[in-house]
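Colleague: Let me give you the structure first, and then I'll get to my questions.
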Amino acid sequence: FLDLIAQQVASMKSEYNTDLAFMLMNSFSTSKDTLDALAKYPDLGTGADLEFVQNKAPKVTASDFSPASWPSEPGHEWCPPGHGDLYPAMLGSGTLDKLLEKGFKYMFVSNSDNLGATMDLKLLTHFVSSKAPFMMEVATRTDADKKGGHLAKDAKTGGLLLRESAQCPEEDEKAFQDVSKYKFFNTNNLWVDLVALKGIFEKHGGSIPMPVMKNAKTVDPRDKKSTPVLQLETAMGAAISCFEGATAVVIPRERFAPVKTTNDLLALRSDAYQLTKDFRITLAPERNGVPPTIKLDGRYKFVDAMETLIPEGA
């Protein structure tokens with residue numbers, strides 16, 4: 001993934017003939033490995049010019065809401081507070097001010113596991129001309145996306161908001177997954193006006209008011225018998241409700257090729273996807289924009305277990 005991202009950035013710099021700035025938000029558990037892997041691409045940048053590290057939060061014991069304890073592996077007691085921490089981490093690390101001081105006004109954000117998303121000049125032009133402070137790329141939902149967060153309108157303000165599955169009451173789950181009712185899902189490809197983002201922090205005393213979601217886990221993610229815990233997280237797409245005048249744009253499926261589970265990874269390795277000349281992963285034309293639906297048994301939840309299914313590759 002990191003190799004493809006590095007090659008994507010190099011391709012964009014060549015295509016647009018500009019020194020495109022690129023940064024990663026890492027967690028405390030991924031920073032070192034990521035920087036080591038990207039050391040062979042010095043043109044990407046180094047140190048604080050290449051990454052900033054998001055905050056970490058204690059896992060909370062589900063039974064009494066106390067900080068979780070796991071002496072055999074203390075690192076399991078902590079978790080990243082969701083990718084919605086992007087904005088506070090940018091402010092707290094000084095990254096936001098540094099970018100503004102260098103004259104950067106617009107930021108494109110995507111998940112590193114979405115190899116279909118790159119900085120697109122046409123979308124940037126559309127975003128700038130719209131004068132919107134925030135723009136979310138959405139795609140038409142299929143059965144493969146029914147559990148992902150969907151776009152909705154706030155009944156009180158008329159503004160856009162994002163509703164994630166973790167925010168959905170159990171009795172409303174069927175309606176949440178109805179792709180004919182909620183037609184568009186968030187790809188987590190986001191465009192942000194950095195000046196507007198700075199203004200929100202100034203308005204709210206250094207914070208950004210996003211909904212917090214409760215995520216039920218076990219303290220050791222590989223041991224389902226370990227202590228049940230809650231992780232408190234925010235989603236970066238939820239910031240759409242914080243920006244007055246925020247908008248959304250429907251994109252083709254080729255800009256969305258994520259890997260959240262081993263089901264997704266197996267699909268991505270198959271001939272249902274192809275590698276483009278600019279190093280993006282997109283659905284093969286014969287798929288007609290519809291991703292394959294793969295459901296592996298729970299025993300193959302982790303990559304090392306999945307690999308046993310395809311020792312010779314997908």
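If you're wondering about the labels, chains in the structure tokens are A, B, ... by order shown, residues count from 1 in each chain, ligands from 1 in order shown.
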As a PyMOL selection string, please: every residue in region 247-309 of chain A that DSSP puts in alpha helix (DSSP H).
Modeller: chain A and resi 262-269+303-307
Colleague: Could you give me, as a Markdown table, every region 74-162 of chain A residue with an atom at most 7 Å from region 242-249 of chain A, plus its closest atom pair and distance in Å to one decimal, counting only C-alpha atoms, rows ordered by chain then number?
Modeller:
```
| residue | atom | partner | partner_atom | distance |
| --- | --- | --- | --- | --- |
| A:Ala132 | CA | A:Ala246 | CA | 5.6 |
| A:Pro133 | CA | A:Ala246 | CA | 5.8 |
| A:Phe134 | CA | A:Ala246 | CA | 4.8 |
| A:Met135 | CA | A:Thr247 | CA | 4.9 |
| A:Met136 | CA | A:Ala248 | CA | 4.6 |
| A:Glu137 | CA | A:Val249 | CA | 5.1 |
| A:Val138 | CA | A:Val249 | CA | 6.0 |
```
Colleague: Could you write those residues out with N, CA, C and O atoms, as an mmCIF file, in the first residue's frame?
Modeller:
```
data_model
loop_
_atom_site.group_PDB
_atom_site.id
_atom_site.type_symbol
_atom_site.label_atom_id
_atom_site.label_comp_id
_atom_site.auth_asym_id
_atom_site.auth_seq_id
_atom_site.Cartn_x
_atom_site.Cartn_y
_atom_site.Cartn_z
ATOM 1 N N ALA A 132 -17.199 26.392 -1.359
ATOM 2 C CA ALA A 132 -17.603 25.644 -0.167
ATOM 3 C C ALA A 132 -16.391 25.459 0.742
ATOM 4 O O ALA A 132 -15.262 25.324 0.275
ATOM 5 N N PRO A 133 -16.593 25.432 2.064
ATOM 6 C CA PRO A 133 -15.465 25.242 2.971
ATOM 7 C C PRO A 133 -15.065 23.776 3.143
ATOM 8 O O PRO A 133 -13.985 23.473 3.650
ATOM 9 N N PHE A 134 -15.968 22.877 2.714
ATOM 10 C CA PHE A 134 -15.750 21.445 2.928
ATOM 11 C C PHE A 134 -16.545 20.690 1.869
ATOM 12 O O PHE A 134 -17.702 21.032 1.603
ATOM 13 N N MET A 135 -15.930 19.678 1.270
ATOM 14 C CA MET A 135 -16.634 18.882 0.267
ATOM 15 C C MET A 135 -16.323 17.404 0.476
ATOM 16 O O MET A 135 -15.161 17.011 0.607
ATOM 17 N N MET A 136 -17.365 16.613 0.516
ATOM 18 C CA MET A 136 -17.232 15.167 0.684
ATOM 19 C C MET A 136 -17.519 14.460 -0.634
ATOM 20 O O MET A 136 -18.514 14.762 -1.302
ATOM 21 N N GLU A 137 -16.640 13.553 -1.023
ATOM 22 C CA GLU A 137 -16.900 12.715 -2.183
ATOM 23 C C GLU A 137 -17.772 11.537 -1.737
ATOM 24 O O GLU A 137 -17.423 10.820 -0.792
ATOM 25 N N VAL A 138 -18.899 11.368 -2.391
ATOM 26 C CA VAL A 138 -19.804 10.258 -2.073
ATOM 27 C C VAL A 138 -19.998 9.397 -3.313
ATOM 28 O O VAL A 138 -19.779 9.849 -4.441
#
```
Colleague: Which residue out of A:Lys146, A:Glu312, A:Ile251, A:Lys174 has the minimum interatomic distance to Arg269 (chain A) when only C-alpha atoms are used?
Modeller: A:Glu312
Colleague: Which one is closest to Arg253 (chain A): A:Glu77, A:Asp113, A:Asp145, A:Asp97? Count only C-alpha atoms.
Modeller: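 Closest candidate: A:Asp145.
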Colleague: Please provide the set of residues having any atom within 8 Å of region 234-238 of chain A, restricted to only C-alpha atoms, with same-chain residues fewer than 4 positions apart removed, written as a ChimeraX atom specification.
Modeller: /A:81-87,136,161-163,186,188,190,210-213,242
